[in-house]
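Source file: query.cif. Holds: mmCIF, C-alpha atoms, pLDDT in the B column; chains and numbers go by the auth columns.
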```cif
data_upload
#
loop_
_atom_site.group_PDB
_atom_site.id
_atom_site.type_symbol
_atom_site.label_atom_id
_atom_site.label_comp_id
_atom_site.label_asym_id
_atom_site.label_seq_id
_atom_site.Cartn_x
_atom_site.Cartn_y
_atom_site.Cartn_z
_atom_site.B_iso_or_equiv
_atom_site.auth_seq_id
_atom_site.auth_asym_id
ATOM 1 C CA MET A 1 -16.337 -57.928 24.861 47.00 15 A
ATOM 2 C CA SER A 2 -13.246 -58.503 22.718 52.00 16 A
ATOM 3 C CA PHE A 3 -10.266 -60.619 23.700 47.00 17 A
ATOM 4 C CA LEU A 4 -8.045 -57.570 24.163 50.00 18 A
ATOM 5 C CA SER A 5 -10.686 -55.937 26.334 55.00 19 A
ATOM 6 C CA LYS A 6 -10.830 -59.024 28.487 53.00 20 A
ATOM 7 C CA VAL A 7 -7.060 -59.181 28.764 46.00 21 A
ATOM 8 C CA PHE A 8 -6.531 -55.517 29.604 51.00 22 A
ATOM 9 C CA GLY A 9 -9.697 -55.140 31.590 55.00 23 A
ATOM 10 C CA GLY A 10 -11.161 -52.519 29.338 53.00 24 A
ATOM 11 C CA LYS A 11 -14.812 -51.986 28.546 55.00 25 A
ATOM 12 C CA LYS A 12 -16.472 -51.826 25.177 54.00 26 A
ATOM 13 C CA GLU A 13 -17.773 -48.349 25.823 56.00 27 A
ATOM 14 C CA ASP A 14 -14.388 -46.929 26.906 67.00 28 A
ATOM 15 C CA LYS A 15 -13.511 -43.779 25.036 80.00 29 A
ATOM 16 C CA ALA A 16 -10.463 -44.062 22.780 81.00 30 A
ATOM 17 C CA PRO A 17 -7.553 -41.797 23.717 82.00 31 A
ATOM 18 C CA THR A 18 -6.754 -38.856 21.564 84.00 32 A
ATOM 19 C CA THR A 19 -3.727 -38.910 19.253 81.00 33 A
ATOM 20 C CA GLY A 20 -1.907 -36.534 21.603 84.00 34 A
ATOM 21 C CA GLU A 21 -2.512 -38.825 24.585 87.00 35 A
ATOM 22 C CA ALA A 22 -1.443 -41.906 22.622 88.00 36 A
ATOM 23 C CA ILE A 23 1.749 -40.181 21.453 88.00 37 A
ATOM 24 C CA GLN A 24 2.568 -39.191 25.027 92.00 38 A
ATOM 25 C CA LYS A 25 2.062 -42.776 26.248 92.00 39 A
ATOM 26 C CA LEU A 26 4.288 -44.112 23.475 92.00 40 A
ATOM 27 C CA ARG A 27 7.028 -41.647 24.372 92.00 41 A
ATOM 28 C CA GLU A 28 6.870 -42.679 28.023 94.00 42 A
ATOM 29 C CA THR A 29 7.107 -46.327 26.981 94.00 43 A
ATOM 30 C CA GLU A 30 10.105 -45.535 24.805 93.00 44 A
ATOM 31 C CA GLU A 31 11.878 -43.842 27.688 94.00 45 A
ATOM 32 C CA MET A 32 11.191 -46.838 29.936 95.00 46 A
ATOM 33 C CA LEU A 33 12.518 -49.298 27.339 95.00 47 A
ATOM 34 C CA VAL A 34 15.630 -47.212 26.751 94.00 48 A
ATOM 35 C CA LYS A 35 16.357 -47.297 30.470 95.00 49 A
ATOM 36 C CA LYS A 36 15.812 -51.088 30.408 94.00 50 A
ATOM 37 C CA GLN A 37 18.283 -51.298 27.542 94.00 51 A
ATOM 38 C CA GLU A 38 20.905 -49.400 29.502 95.00 52 A
ATOM 39 C CA PHE A 39 20.324 -51.706 32.519 95.00 53 A
ATOM 40 C CA LEU A 40 20.685 -54.854 30.386 95.00 54 A
ATOM 41 C CA GLU A 41 23.826 -53.563 28.706 94.00 55 A
ATOM 42 C CA LYS A 42 25.395 -53.036 32.143 95.00 56 A
ATOM 43 C CA LYS A 43 24.323 -56.520 33.244 93.00 57 A
ATOM 44 C CA ILE A 44 25.858 -58.018 30.118 94.00 58 A
ATOM 45 C CA GLU A 45 29.123 -56.252 30.842 94.00 59 A
ATOM 46 C CA GLN A 46 29.056 -57.511 34.425 93.00 60 A
ATOM 47 C CA GLU A 47 28.381 -61.148 33.433 92.00 61 A
ATOM 48 C CA LEU A 48 31.068 -60.949 30.798 91.00 62 A
ATOM 49 C CA ALA A 49 33.508 -59.710 33.438 91.00 63 A
ATOM 50 C CA VAL A 50 32.521 -62.627 35.732 91.00 64 A
ATOM 51 C CA ALA A 51 33.047 -65.121 32.935 91.00 65 A
ATOM 52 C CA ARG A 52 36.472 -63.751 32.183 89.00 66 A
ATOM 53 C CA LYS A 53 37.439 -63.772 35.869 88.00 67 A
ATOM 54 C CA ASN A 54 36.359 -67.387 36.432 89.00 68 A
ATOM 55 C CA GLY A 55 37.300 -68.751 33.047 81.00 69 A
ATOM 56 C CA THR A 56 40.319 -70.635 34.322 80.00 70 A
ATOM 57 C CA LYS A 57 39.537 -70.817 38.049 84.00 71 A
ATOM 58 C CA ASN A 58 35.845 -71.788 38.167 89.00 72 A
ATOM 59 C CA LYS A 59 34.561 -73.054 34.846 88.00 73 A
ATOM 60 C CA ARG A 60 31.035 -73.713 36.172 90.00 74 A
ATOM 61 C CA ALA A 61 30.652 -70.110 37.415 90.00 75 A
ATOM 62 C CA ALA A 62 31.993 -68.750 34.128 90.00 76 A
ATOM 63 C CA ILE A 63 29.468 -70.843 32.134 92.00 77 A
ATOM 64 C CA GLN A 64 26.573 -69.665 34.327 92.00 78 A
ATOM 65 C CA ALA A 65 27.689 -66.057 33.808 90.00 79 A
ATOM 66 C CA LEU A 66 27.730 -66.577 30.031 92.00 80 A
ATOM 67 C CA LYS A 67 24.234 -68.142 30.180 93.00 81 A
ATOM 68 C CA ARG A 68 22.913 -65.123 32.034 93.00 82 A
ATOM 69 C CA LYS A 69 24.672 -62.880 29.494 93.00 83 A
ATOM 70 C CA LYS A 70 22.893 -64.712 26.665 94.00 84 A
ATOM 71 C CA ARG A 71 19.506 -64.223 28.346 95.00 85 A
ATOM 72 C CA TYR A 72 20.222 -60.528 28.804 94.00 86 A
ATOM 73 C CA GLU A 73 21.275 -60.218 25.165 94.00 87 A
ATOM 74 C CA LYS A 74 18.055 -61.919 24.068 95.00 88 A
ATOM 75 C CA GLN A 75 15.994 -59.509 26.175 94.00 89 A
ATOM 76 C CA LEU A 76 17.995 -56.629 24.749 94.00 90 A
ATOM 77 C CA GLN A 77 17.267 -57.852 21.224 94.00 91 A
ATOM 78 C CA GLN A 78 13.549 -58.079 22.010 95.00 92 A
ATOM 79 C CA ILE A 79 13.584 -54.542 23.398 94.00 93 A
ATOM 80 C CA ASP A 80 15.297 -53.292 20.249 94.00 94 A
ATOM 81 C CA GLY A 81 12.491 -54.786 18.149 94.00 95 A
ATOM 82 C CA THR A 82 9.838 -53.367 20.452 94.00 96 A
ATOM 83 C CA LEU A 83 11.397 -49.927 20.315 94.00 97 A
ATOM 84 C CA SER A 84 11.394 -50.036 16.521 94.00 98 A
ATOM 85 C CA THR A 85 7.694 -50.926 16.495 94.00 99 A
ATOM 86 C CA ILE A 86 6.847 -48.219 19.020 93.00 100 A
ATOM 87 C CA GLU A 87 8.858 -45.612 17.086 93.00 101 A
ATOM 88 C CA MET A 88 6.999 -46.444 13.851 94.00 102 A
ATOM 89 C CA GLN A 89 3.667 -46.321 15.659 93.00 103 A
ATOM 90 C CA ARG A 90 4.535 -43.011 17.302 92.00 104 A
ATOM 91 C CA GLU A 91 5.646 -41.523 13.977 92.00 105 A
ATOM 92 C CA ALA A 92 2.408 -42.698 12.349 92.00 106 A
ATOM 93 C CA LEU A 93 0.366 -41.121 15.157 90.00 107 A
ATOM 94 C CA GLU A 94 2.354 -37.889 14.921 90.00 108 A
ATOM 95 C CA GLY A 95 1.703 -37.797 11.178 91.00 109 A
ATOM 96 C CA ALA A 96 -1.986 -38.437 11.749 88.00 110 A
ATOM 97 C CA ASN A 97 -2.055 -35.751 14.438 85.00 111 A
ATOM 98 C CA THR A 98 -0.410 -33.281 12.045 89.00 112 A
ATOM 99 C CA ASN A 99 -2.861 -34.198 9.281 89.00 113 A
ATOM 100 C CA THR A 100 -5.755 -33.759 11.679 86.00 114 A
ATOM 101 C CA ALA A 101 -4.533 -30.305 12.701 88.00 115 A
ATOM 102 C CA VAL A 102 -4.023 -29.311 9.048 91.00 116 A
ATOM 103 C CA LEU A 103 -7.462 -30.573 8.039 92.00 117 A
ATOM 104 C CA THR A 104 -9.059 -28.785 10.980 91.00 118 A
ATOM 105 C CA THR A 105 -7.377 -25.535 9.992 93.00 119 A
ATOM 106 C CA MET A 106 -8.409 -25.974 6.355 93.00 120 A
ATOM 107 C CA LYS A 107 -12.003 -26.711 7.383 92.00 121 A
ATOM 108 C CA ASN A 108 -12.093 -23.589 9.557 93.00 122 A
ATOM 109 C CA ALA A 109 -10.717 -21.542 6.683 92.00 123 A
ATOM 110 C CA ALA A 110 -13.317 -23.022 4.316 91.00 124 A
ATOM 111 C CA ASP A 111 -16.108 -22.230 6.772 90.00 125 A
ATOM 112 C CA ALA A 112 -14.839 -18.659 7.146 91.00 126 A
ATOM 113 C CA LEU A 113 -14.651 -18.253 3.372 88.00 127 A
ATOM 114 C CA LYS A 114 -18.141 -19.660 3.006 87.00 128 A
ATOM 115 C CA ALA A 115 -19.447 -17.238 5.626 87.00 129 A
ATOM 116 C CA ALA A 116 -17.722 -14.325 3.867 85.00 130 A
ATOM 117 C CA HIS A 117 -19.373 -15.249 0.558 82.00 131 A
ATOM 118 C CA LYS A 118 -22.728 -15.973 2.148 82.00 132 A
ATOM 119 C CA HIS A 119 -24.198 -12.569 1.271 80.00 133 A
ATOM 120 C CA MET A 120 -22.472 -12.290 -2.116 79.00 134 A
ATOM 121 C CA ASP A 121 -23.948 -13.195 -5.474 79.00 135 A
ATOM 122 C CA VAL A 122 -21.780 -13.722 -8.545 81.00 136 A
ATOM 123 C CA ASP A 123 -24.284 -12.050 -10.859 82.00 137 A
ATOM 124 C CA GLN A 124 -24.492 -9.036 -8.555 82.00 138 A
ATOM 125 C CA VAL A 125 -20.706 -8.786 -8.495 81.00 139 A
ATOM 126 C CA HIS A 126 -20.578 -8.850 -12.306 85.00 140 A
ATOM 127 C CA ASP A 127 -23.276 -6.169 -12.474 85.00 141 A
ATOM 128 C CA MET A 128 -21.375 -4.033 -9.991 86.00 142 A
ATOM 129 C CA MET A 129 -18.146 -4.366 -11.995 89.00 143 A
ATOM 130 C CA ASP A 130 -20.032 -3.399 -15.175 89.00 144 A
ATOM 131 C CA ASP A 131 -21.402 -0.322 -13.412 88.00 145 A
ATOM 132 C CA ILE A 132 -17.901 0.623 -12.249 92.00 146 A
ATOM 133 C CA ALA A 133 -16.512 0.247 -15.767 92.00 147 A
ATOM 134 C CA GLU A 134 -19.377 2.320 -17.181 90.00 148 A
ATOM 135 C CA GLN A 135 -18.824 5.116 -14.657 91.00 149 A
ATOM 136 C CA GLN A 136 -15.119 5.115 -15.436 91.00 150 A
ATOM 137 C CA ASP A 137 -15.930 5.596 -19.125 90.00 151 A
ATOM 138 C CA VAL A 138 -18.285 8.455 -18.248 90.00 152 A
ATOM 139 C CA ALA A 139 -15.615 10.107 -16.091 91.00 153 A
ATOM 140 C CA LYS A 140 -13.092 9.749 -18.924 88.00 154 A
ATOM 141 C CA GLU A 141 -15.469 11.370 -21.420 87.00 155 A
ATOM 142 C CA ILE A 142 -16.159 14.216 -18.997 88.00 156 A
ATOM 143 C CA SER A 143 -12.439 14.842 -18.505 86.00 157 A
ATOM 144 C CA GLU A 144 -11.829 14.871 -22.250 83.00 158 A
ATOM 145 C CA ALA A 145 -14.754 17.243 -22.783 82.00 159 A
ATOM 146 C CA ILE A 146 -13.463 19.643 -20.121 84.00 160 A
ATOM 147 C CA SER A 147 -9.915 19.626 -21.480 77.00 161 A
ATOM 148 C CA ASN A 148 -11.007 20.164 -25.110 71.00 162 A
ATOM 149 C CA PRO A 149 -10.819 23.944 -25.994 63.00 163 A
ATOM 150 C CA VAL A 150 -14.283 24.125 -27.507 60.00 164 A
ATOM 151 C CA ALA A 151 -15.055 27.475 -29.296 53.00 165 A
ATOM 152 C CA PHE A 152 -11.761 28.978 -28.107 54.00 166 A
ATOM 153 C CA GLY A 153 -9.564 29.751 -31.111 53.00 167 A
ATOM 154 C CA THR A 154 -10.860 26.936 -33.280 56.00 168 A
ATOM 155 C CA ASP A 155 -11.738 29.395 -36.111 61.00 169 A
ATOM 156 C CA ILE A 156 -8.127 30.607 -36.528 68.00 170 A
ATOM 157 C CA ASP A 157 -6.490 29.671 -39.849 73.00 171 A
ATOM 158 C CA GLU A 158 -3.162 27.967 -39.184 78.00 172 A
ATOM 159 C CA ASP A 159 -1.907 28.746 -42.720 80.00 173 A
ATOM 160 C CA GLU A 160 -2.574 32.426 -42.173 83.00 174 A
ATOM 161 C CA LEU A 161 -0.576 32.372 -38.966 79.00 175 A
ATOM 162 C CA GLU A 162 2.321 30.676 -40.742 82.00 176 A
ATOM 163 C CA LYS A 163 2.305 33.328 -43.472 85.00 177 A
ATOM 164 C CA GLU A 164 2.290 36.136 -40.919 84.00 178 A
ATOM 165 C CA LEU A 165 5.211 34.553 -39.105 82.00 179 A
ATOM 166 C CA GLU A 166 7.206 34.344 -42.343 85.00 180 A
ATOM 167 C CA GLU A 167 6.567 38.044 -43.017 86.00 181 A
ATOM 168 C CA LEU A 168 7.811 38.972 -39.559 86.00 182 A
ATOM 169 C CA GLU A 169 10.936 36.922 -40.064 83.00 183 A
ATOM 170 C CA GLN A 170 11.565 38.600 -43.445 87.00 184 A
ATOM 171 C CA GLU A 171 11.214 42.058 -41.884 85.00 185 A
ATOM 172 C CA GLU A 172 13.778 41.177 -39.249 84.00 186 A
ATOM 173 C CA LEU A 173 16.137 39.885 -41.959 85.00 187 A
ATOM 174 C CA ASP A 174 15.758 43.114 -43.999 84.00 188 A
ATOM 175 C CA LYS A 175 16.556 45.205 -40.945 82.00 189 A
ATOM 176 C CA GLU A 176 19.718 43.216 -40.339 80.00 190 A
ATOM 177 C CA LEU A 177 20.853 43.629 -43.969 83.00 191 A
ATOM 178 C CA LEU A 178 20.173 47.399 -44.069 80.00 192 A
ATOM 179 C CA GLY A 179 21.721 48.066 -40.704 67.00 193 A
ATOM 180 C CA THR A 180 25.170 46.620 -41.364 59.00 194 A
ATOM 181 C CA GLY A 181 26.871 50.116 -40.822 53.00 195 A
ATOM 182 C CA PRO A 182 27.111 51.827 -37.467 55.00 196 A
ATOM 183 C CA THR A 183 23.831 53.041 -36.109 55.00 197 A
ATOM 184 C CA ALA A 184 23.167 56.519 -34.753 54.00 198 A
ATOM 185 C CA ASP A 185 23.643 55.126 -31.261 58.00 199 A
ATOM 186 C CA GLN A 186 27.051 53.718 -32.220 55.00 200 A
ATOM 187 C CA LEU A 187 28.416 57.109 -33.707 55.00 201 A
ATOM 188 C CA PRO A 188 30.472 59.363 -31.391 59.00 202 A
ATOM 189 C CA SER A 189 28.608 62.321 -29.920 61.00 203 A
ATOM 190 C CA VAL A 190 29.323 65.928 -31.086 56.00 204 A
ATOM 191 C CA PRO A 191 31.196 67.931 -28.439 57.00 205 A
ATOM 192 C CA ALA A 192 29.160 70.711 -26.885 57.00 206 A
ATOM 193 C CA GLY A 193 32.022 73.249 -26.458 55.00 207 A
ATOM 194 C CA GLU A 194 34.619 74.678 -28.870 55.00 208 A
ATOM 195 C CA LEU A 195 37.217 72.380 -30.316 53.00 209 A
ATOM 196 C CA PRO A 196 40.716 72.890 -28.942 55.00 210 A
ATOM 197 C CA VAL A 197 43.155 74.648 -31.263 49.00 211 A
ATOM 198 C CA PRO A 198 46.621 73.128 -31.650 51.00 212 A
ATOM 199 C CA ALA A 199 49.405 75.126 -30.022 52.00 213 A
ATOM 200 C CA ALA A 200 51.411 75.604 -33.280 49.00 214 A
ATOM 201 C CA ARG A 201 48.291 76.795 -35.104 53.00 215 A
ATOM 202 C CA ALA A 202 47.497 79.213 -32.265 53.00 216 A
ATOM 203 C CA LYS A 203 50.974 80.767 -32.439 54.00 217 A
ATOM 204 C CA THR A 204 50.724 81.160 -36.226 55.00 218 A
ATOM 205 C CA SER A 205 47.348 82.855 -35.958 57.00 219 A
ATOM 206 C CA ALA A 206 48.654 85.249 -33.315 58.00 220 A
ATOM 207 C CA ARG A 207 51.611 86.184 -35.498 59.00 221 A
ATOM 208 C CA VAL A 208 49.410 86.734 -38.559 51.00 222 A
ATOM 209 C CA GLU A 209 47.036 88.880 -36.565 53.00 223 A
ATOM 210 C CA GLU A 210 49.927 91.082 -35.462 58.00 224 A
ATOM 211 C CA GLU A 211 51.260 91.521 -39.026 56.00 225 A
ATOM 212 C CA ASP A 212 47.876 92.089 -40.743 60.00 226 A
ATOM 213 C CA PRO A 213 45.316 94.221 -38.890 63.00 227 A
ATOM 214 C CA ASP A 214 42.622 93.493 -41.509 64.00 228 A
ATOM 215 C CA LEU A 215 43.042 89.738 -41.065 60.00 229 A
ATOM 216 C CA LYS A 216 42.863 90.178 -37.298 65.00 230 A
ATOM 217 C CA GLU A 217 39.557 91.984 -37.682 66.00 231 A
ATOM 218 C CA LEU A 218 38.239 89.220 -40.011 63.00 232 A
ATOM 219 C CA LEU A 219 39.175 86.534 -37.571 63.00 233 A
ATOM 220 C CA GLN A 220 37.474 88.337 -34.728 68.00 234 A
ATOM 221 C CA TRP A 221 34.326 88.651 -36.827 62.00 235 A
ATOM 222 C CA ALA A 222 34.402 84.957 -37.702 58.00 236 A
ATOM 223 C CA ASN A 223 34.742 83.928 -34.095 57.00 237 A
#
```

So that I can check it, write out the structure of this file as structure tokens.
Amino acid sequence: MSFLSKVFGGKKEDKAPTTGEAIQKLRETEEMLVKKQEFLEKKIEQELAVARKNGTKNKRAAIQALKRKKRYEKQLQQIDGTLSTIEMQREALEGANTNTAVLTTMKNAADALKAAHKHMDVDQVHDMMDDIAEQQDVAKEISEAISNPVAFGTDIDEDELEKELEELEQEELDKELLGTGPTADQLPSVPAGELPVPAARAKTSARVEEEDPDLKELLQWAN
């Protein structure tokens, strides 16, 4: 049994506390020491007030108050050092606790990844990817074969088509050159009835017909 075990009454087979339990204990100790600090600071203020009150009236009481103040200040200094040690220890435990949680999570993730890859083989994956690439090439060739107009118009001479197009264009040009005048559709239509005779001409004809009976007869025959 170690010296510390003898002092604190522990046993060799005692189970060590977890990091969470140790951190909680350190926090409780910190709170207790902070309260002790506040108590000592009040006591120091009280002893200082006593020393000031009895400084001229009761020198012995003032000196005793200052002695007590010194003891309280020494205790306060010791508590400050203890708190610093406890804070560093708590921070170290918190860091270790965080590292433990991170490592546990990473280990679980690694185990899950290992289980996921348990039934996978790298060579099989490569073979599968090769098969996929091969089938994609086959599908591409099939699509190109379907879209290619095989035996549909491949025997047509492109030069012959160009020549025929030029002839059609020349015919259209000739029609435009020959048809510069008004077309039959653009000419005015012939009136179906008799043309109107001007009034002056009608009077002259009537007078001539009255003077010359032969001319009147000729005009009647012509009409």

For this session: Can you work out which one of A:Leu182, A:Leu54, A:Leu47, A:Ile37 has the shortest atom-to-atom distance to Arg82 in chain A, counting all atoms listed in the file?
Result: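 Among A:Leu182, A:Leu54, A:Leu47, A:Ile37, it is A:Leu54 that comes nearest to Arg82 in chain A.
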
Exercise. What is the distance, in Å and to one decimal place, between CA of Lys81 in chain A and CA of Ile93 in chain A?
Worked result: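 So the two atoms, CA of Lys81 in chain A and CA of Ile93 in chain A, lie 18.6 Å apart.
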
Exercise. At what distance in Å, to one decimal, does CA of Asp188 in chain A lie from CA of Asp173 in chain A?
Worked result: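 CA of Asp188 in chain A lies 22.8 Å from CA of Asp173 in chain A.
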
Problem set entry | Residue among A:Glu158, A:Glu44, A:Glu52, A:Ala30 lying closest to Ser98 in chain A, counting all atoms listed in the file | A:Glu44

For this session: Write out as a ChimeraX atom specification each polymer residue whose atoms come within 7 Å of Leu107 in chain A, counting all atoms listed in the file; drop sequence neighbours fewer than 3 positions from it.
Result: /A:33,37,103-104,110-111

Exercise. CA of Tyr86 in chain A and CA of Lys49 in chain A are how many Å apart?
Worked result: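 About the pair CA of Tyr86 in chain A and CA of Lys49 in chain A: they are 13.9 Å apart.
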